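What's in final.cif: mmCIF, C-alpha atoms
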```
data_protein
loop_
_atom_site.label_atom_id
_atom_site.label_comp_id
_atom_site.auth_asym_id
_atom_site.auth_seq_id
_atom_site.Cartn_x
_atom_site.Cartn_y
_atom_site.Cartn_z
CA MET A 772 -69.18 -31.04 0.05
CA THR A 773 -67.76 -28.00 1.83
CA ALA A 774 -64.39 -26.54 0.90
CA LYS A 775 -62.96 -27.67 4.22
CA LYS A 776 -64.10 -31.24 3.71
CA LEU A 777 -62.86 -31.25 0.13
CA ALA A 778 -59.45 -30.01 1.30
CA ARG A 779 -59.21 -32.67 3.97
CA THR A 780 -60.31 -35.37 1.53
CA SER A 781 -57.63 -34.26 -0.91
CA LEU A 782 -54.98 -34.28 1.82
CA LEU A 783 -55.94 -37.80 2.82
CA CYS A 784 -55.91 -38.84 -0.83
CA ALA A 785 -52.37 -37.51 -1.21
CA LEU A 786 -51.34 -39.28 1.99
CA ALA A 787 -52.90 -42.53 0.78
CA LEU A 788 -51.05 -42.22 -2.52
CA ILE A 789 -47.69 -41.71 -0.79
CA VAL A 790 -48.28 -44.65 1.53
CA HIS A 791 -49.43 -46.77 -1.44
CA LEU A 792 -46.26 -45.97 -3.42
CA ILE A 793 -43.92 -46.58 -0.48
CA GLU A 794 -45.68 -49.81 0.43
CA SER A 795 -45.48 -51.14 -3.11
CA ARG A 796 -41.68 -50.78 -2.90
CA ILE A 797 -41.38 -52.94 0.21
CA PRO A 798 -40.49 -56.52 -0.74
CA PRO A 799 -43.05 -59.08 0.44
CA PHE A 800 -42.31 -60.92 3.68
CA PHE A 801 -44.16 -64.11 2.85
CA PRO A 802 -43.79 -66.44 -0.12
CA PHE A 803 -47.41 -65.82 -1.10
CA PRO A 804 -48.51 -63.27 -3.61
CA GLY A 805 -50.35 -60.24 -2.38
CA ILE A 806 -49.83 -60.24 1.36
CA LYS A 807 -49.16 -56.78 2.69
CA LEU A 808 -50.43 -54.68 5.53
CA GLY A 809 -52.49 -52.40 3.32
CA LEU A 810 -51.61 -49.19 5.11
CA ALA A 811 -52.96 -47.15 2.20
CA ASN A 812 -56.33 -48.68 3.01
CA ALA A 813 -55.96 -47.44 6.58
CA VAL A 814 -55.98 -43.90 5.20
CA ALA A 815 -59.21 -44.58 3.29
CA LEU A 816 -60.68 -46.05 6.49
CA ALA A 817 -59.62 -42.98 8.43
CA ALA A 818 -61.40 -40.87 5.79
CA LEU A 819 -64.50 -43.01 6.27
CA LEU A 820 -64.40 -42.62 10.05
CA SER A 821 -63.82 -38.89 10.14
CA LEU A 822 -65.32 -37.57 6.89
CA GLY A 823 -67.85 -40.17 5.75
CA ALA A 824 -68.50 -42.58 2.91
CA GLY A 825 -68.19 -40.09 0.05
CA SER A 826 -64.75 -38.96 1.12
CA ALA A 827 -63.59 -42.54 1.65
CA ALA A 828 -64.70 -43.46 -1.87
CA LEU A 829 -62.88 -40.44 -3.31
CA VAL A 830 -59.70 -41.20 -1.37
CA GLN A 831 -59.75 -44.83 -2.47
CA THR A 832 -60.48 -44.28 -6.18
CA GLY A 833 -58.11 -41.31 -6.35
CA ARG A 834 -55.35 -43.33 -4.75
CA ILE A 835 -55.81 -46.28 -7.11
CA ILE A 836 -55.89 -44.21 -10.29
CA LEU A 837 -52.97 -41.99 -9.25
CA GLY A 838 -51.06 -45.00 -7.95
CA ALA A 839 -51.26 -46.52 -11.42
CA VAL A 840 -50.10 -43.25 -12.97
CA PHE A 841 -47.08 -42.87 -10.66
CA GLY A 842 -45.97 -46.46 -10.54
CA GLY A 843 -46.94 -49.94 -11.56
CA GLY A 844 -48.18 -50.97 -14.95
CA ALA A 845 -51.49 -52.07 -16.36
CA SER A 846 -51.62 -55.36 -14.49
CA ALA A 847 -50.74 -53.69 -11.18
CA PHE A 848 -53.63 -51.29 -11.82
CA LEU A 849 -55.97 -54.18 -12.54
CA TYR A 850 -55.09 -55.84 -9.24
CA SER A 851 -55.32 -52.71 -7.16
CA ALA A 852 -58.55 -51.57 -8.86
CA ALA A 853 -60.25 -54.93 -8.31
CA GLY A 854 -58.98 -55.21 -4.74
CA GLY A 855 -59.58 -51.59 -3.84
CA GLY A 856 -63.00 -51.39 -5.51
CA VAL A 857 -64.49 -54.52 -3.99
CA SER A 858 -62.93 -53.75 -0.63
CA LEU A 859 -64.42 -50.24 -0.71
CA LEU A 860 -67.94 -51.58 -1.36
CA VAL A 861 -67.68 -54.19 1.39
CA THR A 862 -66.14 -51.66 3.77
CA LEU A 863 -68.97 -49.16 3.25
CA LEU A 864 -71.63 -51.85 3.73
CA ILE A 865 -70.05 -53.37 6.84
CA TYR A 866 -69.31 -49.99 8.39
CA ARG A 867 -73.00 -49.07 8.36
CA ARG A 868 -73.65 -52.13 10.47
CA PHE A 869 -70.72 -51.95 12.87
CA GLY A 870 -69.81 -48.31 13.34
CA ARG A 871 -66.56 -46.77 14.47
CA ARG A 872 -66.01 -48.61 17.74
CA LEU A 873 -65.87 -51.87 15.86
CA ALA A 874 -63.82 -50.41 13.01
CA PHE A 875 -61.48 -53.39 13.15
CA VAL A 876 -64.33 -55.63 11.93
CA THR A 877 -64.86 -53.26 9.00
CA GLY A 878 -61.13 -53.33 8.30
CA ALA A 879 -61.03 -57.13 8.44
CA ALA A 880 -63.98 -57.47 6.04
CA GLY A 881 -62.36 -54.99 3.67
CA GLY A 882 -59.04 -56.84 3.85
CA VAL A 883 -60.66 -60.20 3.07
CA ALA A 884 -62.66 -58.70 0.19
CA HIS A 885 -59.52 -57.05 -1.17
CA ASN A 886 -57.46 -60.25 -1.10
CA LEU A 887 -60.16 -62.50 -2.55
CA ALA A 888 -60.92 -60.03 -5.34
CA GLN A 889 -57.25 -59.91 -6.25
CA LEU A 890 -57.06 -63.69 -6.17
CA CYS A 891 -59.98 -63.87 -8.63
CA VAL A 892 -58.23 -61.42 -10.96
CA ALA A 893 -55.01 -63.42 -10.69
CA ALA A 894 -56.89 -66.63 -11.51
CA LEU A 895 -58.45 -64.95 -14.55
CA ILE A 896 -55.22 -63.37 -15.79
CA THR A 897 -53.07 -66.46 -15.39
CA ARG A 898 -56.03 -68.72 -16.23
CA THR A 899 -54.99 -70.92 -13.36
CA PRO A 900 -58.03 -71.66 -11.19
CA GLN A 901 -55.77 -73.86 -9.04
CA ILE A 902 -54.48 -70.79 -7.27
CA ALA A 903 -57.78 -70.86 -5.39
CA VAL A 904 -55.80 -72.91 -2.87
CA TYR A 905 -54.49 -69.55 -1.67
CA ALA A 906 -58.00 -68.47 -0.69
CA PRO A 907 -57.88 -69.69 2.94
CA VAL A 908 -54.50 -68.21 3.71
CA LEU A 909 -55.36 -64.95 1.96
CA THR A 910 -58.56 -64.80 4.01
CA SER A 911 -56.54 -65.20 7.20
CA PHE A 912 -54.06 -62.52 6.29
CA GLY A 913 -56.88 -60.27 5.10
CA ILE A 914 -58.44 -60.54 8.55
CA ILE A 915 -55.17 -59.99 10.41
CA CYS A 916 -53.90 -57.09 8.31
CA GLY A 917 -57.39 -55.61 7.87
CA SER A 918 -58.16 -55.58 11.60
CA LEU A 919 -54.82 -53.89 12.28
CA THR A 920 -55.45 -51.18 9.69
CA GLY A 921 -59.02 -50.78 10.96
CA LEU A 922 -57.75 -50.42 14.52
CA LEU A 923 -55.13 -47.94 13.35
CA ALA A 924 -57.74 -45.88 11.54
CA SER A 925 -59.99 -45.76 14.59
CA LEU A 926 -57.06 -44.78 16.83
CA VAL A 927 -55.82 -41.96 14.61
CA THR A 928 -59.29 -40.49 14.23
CA ARG A 929 -60.28 -40.89 17.87
CA ALA A 930 -59.05 -37.44 18.85
CA GLU A 931 -61.84 -35.92 16.78
CA TYR A 932 -64.59 -37.41 18.89
CA MET B 944 -76.72 -45.55 23.68
CA LYS B 945 -75.30 -48.95 24.37
CA SER B 946 -73.67 -49.59 27.70
CA ARG B 947 -69.94 -50.01 27.99
CA THR B 948 -70.09 -53.67 28.96
CA GLU B 949 -72.37 -54.39 26.01
CA LEU B 950 -69.83 -52.76 23.70
CA ASN B 951 -66.94 -54.66 25.29
CA ARG B 952 -68.85 -57.88 24.86
CA ARG B 953 -69.35 -57.17 21.17
CA ILE B 954 -65.67 -56.33 20.77
CA ILE B 955 -64.58 -59.56 22.48
CA PHE B 956 -67.08 -61.54 20.40
CA TRP B 957 -65.80 -60.16 17.10
CA VAL B 958 -62.15 -60.49 18.08
CA ALA B 959 -62.84 -64.15 18.85
CA VAL B 960 -64.72 -64.72 15.57
CA LEU B 961 -62.00 -63.07 13.50
CA ALA B 962 -59.23 -64.93 15.32
CA ALA B 963 -61.02 -68.26 14.84
CA VAL B 964 -61.55 -67.67 11.12
CA SER B 965 -57.92 -66.65 10.56
CA VAL B 966 -56.59 -69.67 12.44
CA ALA B 967 -58.97 -71.92 10.48
CA GLY B 968 -57.78 -70.37 7.21
CA ILE B 969 -54.11 -70.90 7.98
CA CYS B 970 -54.72 -74.47 9.20
CA SER B 971 -56.74 -75.46 6.14
CA TYR B 972 -54.08 -73.98 3.90
CA LEU B 973 -51.37 -76.00 5.67
CA LEU B 974 -53.56 -79.11 5.31
CA LEU B 975 -54.01 -78.47 1.60
CA VAL B 976 -50.31 -77.93 1.09
CA SER B 977 -49.36 -81.05 2.99
CA GLY B 978 -51.88 -83.01 0.91
CA GLY B 979 -49.03 -84.49 -1.10
CA VAL B 980 -48.49 -84.80 -4.79
CA LYS B 981 -50.09 -87.60 -6.74
CA SER B 982 -48.72 -86.77 -10.15
CA GLU B 983 -45.36 -87.28 -11.84
CA THR B 984 -46.07 -84.87 -14.68
CA VAL B 985 -45.05 -81.24 -14.43
CA GLN B 986 -46.81 -78.65 -16.53
CA ILE B 987 -45.49 -75.21 -17.30
CA LEU B 988 -48.14 -72.73 -18.36
CA GLN B 989 -48.02 -69.27 -19.80
CA ASN B 990 -51.18 -67.17 -20.00
CA GLY B 991 -53.08 -70.27 -18.99
CA GLU B 992 -51.85 -72.42 -21.84
CA ILE B 993 -49.63 -75.41 -21.35
CA ILE B 994 -46.38 -74.70 -23.15
CA ARG B 995 -44.34 -77.56 -21.78
CA GLU B 996 -45.16 -80.86 -20.13
CA ILE B 997 -42.45 -82.98 -18.56
CA ASP B 998 -42.74 -86.47 -17.15
CA LEU B 999 -40.42 -86.58 -14.17
CA ARG B 1000 -39.93 -90.35 -14.56
CA SER B 1001 -38.43 -89.86 -18.02
CA LEU B 1002 -35.86 -87.37 -16.77
CA ALA B 1003 -32.28 -88.51 -16.46
CA GLU B 1004 -30.72 -85.10 -16.00
CA PRO B 1005 -32.22 -81.92 -14.56
CA VAL B 1006 -33.69 -79.69 -17.25
CA ASP B 1007 -33.91 -75.91 -17.22
CA VAL B 1008 -36.95 -74.59 -19.01
CA THR B 1009 -36.82 -70.95 -20.03
CA VAL B 1010 -40.08 -69.08 -20.54
CA GLU B 1011 -40.09 -65.66 -22.13
CA ALA B 1012 -42.82 -63.13 -21.45
CA ASP B 1013 -42.59 -59.68 -23.03
CA GLY B 1014 -38.81 -59.82 -22.95
CA ARG B 1015 -38.75 -61.06 -19.35
CA LEU B 1016 -37.47 -64.49 -18.48
CA ASN B 1017 -38.45 -67.23 -16.08
CA VAL B 1018 -36.18 -70.21 -15.69
CA VAL B 1019 -37.73 -73.35 -14.23
CA ARG B 1020 -35.40 -76.08 -13.00
CA VAL B 1021 -37.06 -79.46 -13.43
CA SER B 1022 -35.38 -82.47 -11.86
CA ARG B 1023 -36.49 -85.70 -10.24
CA ASP B 1024 -35.56 -84.28 -6.86
CA GLY B 1025 -37.78 -81.27 -7.21
CA VAL B 1026 -39.13 -78.54 -9.41
CA TYR B 1027 -38.50 -74.92 -8.63
CA MET B 1028 -38.20 -71.48 -10.16
CA LEU B 1029 -34.48 -70.93 -10.61
CA GLU B 1030 -34.68 -67.37 -11.85
CA ALA B 1031 -37.38 -64.85 -12.60
CA ASP B 1032 -37.18 -61.44 -14.16
CA CYS B 1033 -39.90 -60.05 -11.97
CA PRO B 1034 -39.62 -57.48 -9.21
CA ASP B 1035 -41.12 -59.44 -6.33
CA GLN B 1036 -39.30 -62.80 -6.66
CA ILE B 1037 -42.16 -64.50 -4.85
CA CYS B 1038 -42.08 -67.48 -7.17
CA VAL B 1039 -38.34 -67.97 -6.61
CA ARG B 1040 -38.74 -67.80 -2.84
CA GLN B 1041 -41.65 -70.21 -2.95
CA GLY B 1042 -39.13 -73.02 -3.31
CA THR B 1043 -39.89 -76.55 -4.42
CA LEU B 1044 -43.16 -77.27 -6.19
CA GLY B 1045 -45.73 -79.09 -4.10
CA ALA B 1046 -49.49 -79.33 -4.24
CA VAL B 1047 -49.74 -75.55 -4.61
CA PRO B 1048 -48.74 -74.29 -8.06
CA ILE B 1049 -45.83 -71.89 -8.37
CA VAL B 1050 -47.24 -68.75 -9.94
CA CYS B 1051 -45.32 -65.81 -11.29
CA LEU B 1052 -48.07 -63.20 -11.53
CA PRO B 1053 -46.06 -60.47 -13.28
CA ASN B 1054 -44.98 -62.80 -16.09
CA ARG B 1055 -48.16 -64.93 -16.03
CA VAL B 1056 -46.22 -68.16 -15.74
CA THR B 1057 -47.52 -71.10 -13.75
CA VAL B 1058 -45.73 -74.31 -12.83
CA ARG B 1059 -47.87 -77.13 -11.53
CA PHE B 1060 -48.21 -80.84 -11.30
CA ALA B 1061 -50.63 -82.26 -13.85
CA TYR B 1062 -54.24 -82.52 -12.87
CA ALA B 1063 -54.76 -85.55 -10.62
CA PRO B 1064 -58.41 -85.84 -9.59
CA PRO B 1065 -57.95 -87.86 -6.37
CA SER B 1066 -55.68 -85.32 -4.67
CA ALA B 1067 -56.94 -83.12 -1.87
CA VAL B 1068 -56.32 -79.92 -3.76
CA ASP B 1069 -58.32 -80.87 -6.78
CA ALA B 1070 -61.15 -82.21 -4.67
CA GLU B 1071 -61.25 -78.86 -2.92
CA LEU B 1072 -61.41 -77.06 -6.24
CA GLY B 1073 -64.18 -79.26 -7.56
#
```
Written as structure tokens, that's how I'd like the structure from this file.
Amino acid sequence: MTAKKLARTSLLCALALIVHLIESRIPPFFPFPGIKLGLANAVALAALLSLGAGSAALVQTGRIILGAVFGGGASAFLYSAAGGGVSLLVTLLIYRRFGRRLAFVTGAAGGVAHNLAQLCVAALITRTPQIAVYAPVLTSFGIICGSLTGLLASLVTRAEY
Amino acid sequence: MKSRTELNRRIIFWVAVLAAVSVAGICSYLLLVSGGVKSETVQILQNGEIIREIDLRSLAEPVDVTVEADGRLNVVRVSRDGVYMLEADCPDQICVRQGTLGAVPIVCLPNRVTVRFAYAPPSAVDAELG
């Protein structure tokens, strides 16, 4: 990794962290747990589109670890690590198939993976498998929010191509 | 290099697929929620263990059940007219805003408290969950 790339990755990581912290302060709009736009993920997606998979992984893991340090407790970290980790893996896999012009598909897949992973963690923590009834609605919102963040990421990085 | 129309076709295709799946998800959720409640027994769980079980038919007066988790409180109002989270010491207040208990359990994730109707195998929700 060149110094320039490392610097840009770090900048994006800082940006993702700020967005993550601000977003976690916004009260939820819907009476379901865990529905938010996921703008911090848009930053990781932008890193993927302009700098590549390695940078995206660094931005995402850095953001999750630092996000837990600066705010949120152990259980918040568990949720964001599960969601962010699974979503990163799915995002990287899907992106190889779809590329930047269809970045919204990548975003949607990442959003769905993020929400379902968090739902699994919630079911384990509360030991309430019944909350699986949220799976369909969390899938829908994962698609909607994920495609928007994917679209956003492809728009903000378009100038570079 | 793919042609522009080919790319547009792929974009339209995926937009349609994603839209269809999200609409299907929301619809099936609404169906599940409207599935109705087949049980008269309310269970209050903490960390996955039932700490209180109340038969709504035996209730004369509304009961407030207080659950403590690491110094934080949840107050569940149980009455024959409905069960809801009256108060919660958590930052997001999702469980309070969720309103009256239906087929979907009320879950307070920060305090790991769940309020649900007792398991009733014939209901749509439980069938879905296997």
**Request:** Could you list, as a ChimeraX atom specification, the residues of chain B having an atom within 9 Å of chain A when counting all atoms listed in the file?
**Result:** /B:950,953-954,957-958,961-962,964-973,975-976,988-992,1034-1042,1047-1057,1059,1068-1069,1071-1072
Residues as selected, C-alpha atoms, written as a PDB file, in the coordinates of the input, can you do that?
```pdb
ATOM      1  CA  LEU B 950     -69.830 -52.760  23.700  1.00  0.00           C
ATOM      2  CA  ARG B 953     -69.350 -57.170  21.170  1.00  0.00           C
ATOM      3  CA  ILE B 954     -65.670 -56.330  20.770  1.00  0.00           C
ATOM      4  CA  TRP B 957     -65.800 -60.160  17.100  1.00  0.00           C
ATOM      5  CA  VAL B 958     -62.150 -60.490  18.080  1.00  0.00           C
ATOM      6  CA  LEU B 961     -62.000 -63.070  13.500  1.00  0.00           C
ATOM      7  CA  ALA B 962     -59.230 -64.930  15.320  1.00  0.00           C
ATOM      8  CA  VAL B 964     -61.550 -67.670  11.120  1.00  0.00           C
ATOM      9  CA  SER B 965     -57.920 -66.650  10.560  1.00  0.00           C
ATOM     10  CA  VAL B 966     -56.590 -69.670  12.440  1.00  0.00           C
ATOM     11  CA  ALA B 967     -58.970 -71.920  10.480  1.00  0.00           C
ATOM     12  CA  GLY B 968     -57.780 -70.370   7.210  1.00  0.00           C
ATOM     13  CA  ILE B 969     -54.110 -70.900   7.980  1.00  0.00           C
ATOM     14  CA  CYS B 970     -54.720 -74.470   9.200  1.00  0.00           C
ATOM     15  CA  SER B 971     -56.740 -75.460   6.140  1.00  0.00           C
ATOM     16  CA  TYR B 972     -54.080 -73.980   3.900  1.00  0.00           C
ATOM     17  CA  LEU B 973     -51.370 -76.000   5.670  1.00  0.00           C
ATOM     18  CA  LEU B 975     -54.010 -78.470   1.600  1.00  0.00           C
ATOM     19  CA  VAL B 976     -50.310 -77.930   1.090  1.00  0.00           C
ATOM     20  CA  LEU B 988     -48.140 -72.730 -18.360  1.00  0.00           C
ATOM     21  CA  GLN B 989     -48.020 -69.270 -19.800  1.00  0.00           C
ATOM     22  CA  ASN B 990     -51.180 -67.170 -20.000  1.00  0.00           C
ATOM     23  CA  GLY B 991     -53.080 -70.270 -18.990  1.00  0.00           C
ATOM     24  CA  GLU B 992     -51.850 -72.420 -21.840  1.00  0.00           C
ATOM     25  CA  PRO B1034     -39.620 -57.480  -9.210  1.00  0.00           C
ATOM     26  CA  ASP B1035     -41.120 -59.440  -6.330  1.00  0.00           C
ATOM     27  CA  GLN B1036     -39.300 -62.800  -6.660  1.00  0.00           C
ATOM     28  CA  ILE B1037     -42.160 -64.500  -4.850  1.00  0.00           C
ATOM     29  CA  CYS B1038     -42.080 -67.480  -7.170  1.00  0.00           C
ATOM     30  CA  VAL B1039     -38.340 -67.970  -6.610  1.00  0.00           C
ATOM     31  CA  ARG B1040     -38.740 -67.800  -2.840  1.00  0.00           C
ATOM     32  CA  GLN B1041     -41.650 -70.210  -2.950  1.00  0.00           C
ATOM     33  CA  GLY B1042     -39.130 -73.020  -3.310  1.00  0.00           C
ATOM     34  CA  VAL B1047     -49.740 -75.550  -4.610  1.00  0.00           C
ATOM     35  CA  PRO B1048     -48.740 -74.290  -8.060  1.00  0.00           C
ATOM     36  CA  ILE B1049     -45.830 -71.890  -8.370  1.00  0.00           C
ATOM     37  CA  VAL B1050     -47.240 -68.750  -9.940  1.00  0.00           C
ATOM     38  CA  CYS B1051     -45.320 -65.810 -11.290  1.00  0.00           C
ATOM     39  CA  LEU B1052     -48.070 -63.200 -11.530  1.00  0.00           C
ATOM     40  CA  PRO B1053     -46.060 -60.470 -13.280  1.00  0.00           C
ATOM     41  CA  ASN B1054     -44.980 -62.800 -16.090  1.00  0.00           C
ATOM     42  CA  ARG B1055     -48.160 -64.930 -16.030  1.00  0.00           C
ATOM     43  CA  VAL B1056     -46.220 -68.160 -15.740  1.00  0.00           C
ATOM     44  CA  THR B1057     -47.520 -71.100 -13.750  1.00  0.00           C
ATOM     45  CA  ARG B1059     -47.870 -77.130 -11.530  1.00  0.00           C
ATOM     46  CA  VAL B1068     -56.320 -79.920  -3.760  1.00  0.00           C
ATOM     47  CA  ASP B1069     -58.320 -80.870  -6.780  1.00  0.00           C
ATOM     48  CA  GLU B1071     -61.250 -78.860  -2.920  1.00  0.00           C
ATOM     49  CA  LEU B1072     -61.410 -77.060  -6.240  1.00  0.00           C
TER      50      LEU B1072
END
```
**Picked residues, the PyMOL selection byres ((chain A and resi 818) around 12), as an MDAnalysis selection string** = chainID A and resid 776:787 811:817 819:831 859 862:863 871 921 924:925 927:928
**Message:** I'd like the interatomic distance between atom CA of A:Val861 and atom CA of A:Ala884, to a tenth of an Å.
**Reply:**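 Interatomic distance, atom CA of A:Val861 to atom CA of A:Ala884: 6.9 Å.
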**Asked** Near B:Thr1043, counting only C-alpha atoms, which residues have an atom at most 8 Å away, once you skip same-chain residues fewer than 2 positions from it, shown as an NGL selection string?
**Response** :B and (1025-1028 or 1041 or 1045)
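Atom pair atom CA of A:Gly856 / atom CA of A:Leu788 has a distance of 15.4 Å (rounded to one decimal).
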**Request:** Run the PyMOL selection byres ((chain A and resi 851-855) around 9) on the file and write out the hits as a list in words.
**Result:**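 That selection, the PyMOL selection byres ((chain A and resi 851-855) around 9), comes back as Asn812, Gln831, Thr832, Ile835, Ile836, Gly838, Ala839, Ser846, Ala847, Phe848, Leu849, Tyr850, Gly856, Val857, Ser858, Leu859, Leu860, Gly881, Gly882, Ala884, His885, Asn886, Leu887, Ala888, Gln889, Leu890, Cys891 and Val892 of chain A.
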**Complete:** atom CA of B:Glu983 to atom CA of B:Arg1000 measures 6.8 Å
**Message:** Please enumerate the residues selected by the PyMOL selection byres ((chain B and resi 998) around 7) when evaluated against the supplied file, formatted as an MDAnalysis selection string.
**Reply:** chainID B and resid 983:985 996:997 999:1002
**Prompt:** Out of B:Ala1031, B:Ile987, B:Val1021, B:Leu1016, which residue has the shortest atom-to-atom distance to B:Ala1061 when counting only C-alpha atoms?
**Reply:**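 Among the listed residues, B:Ile987 lies closest to B:Ala1061.
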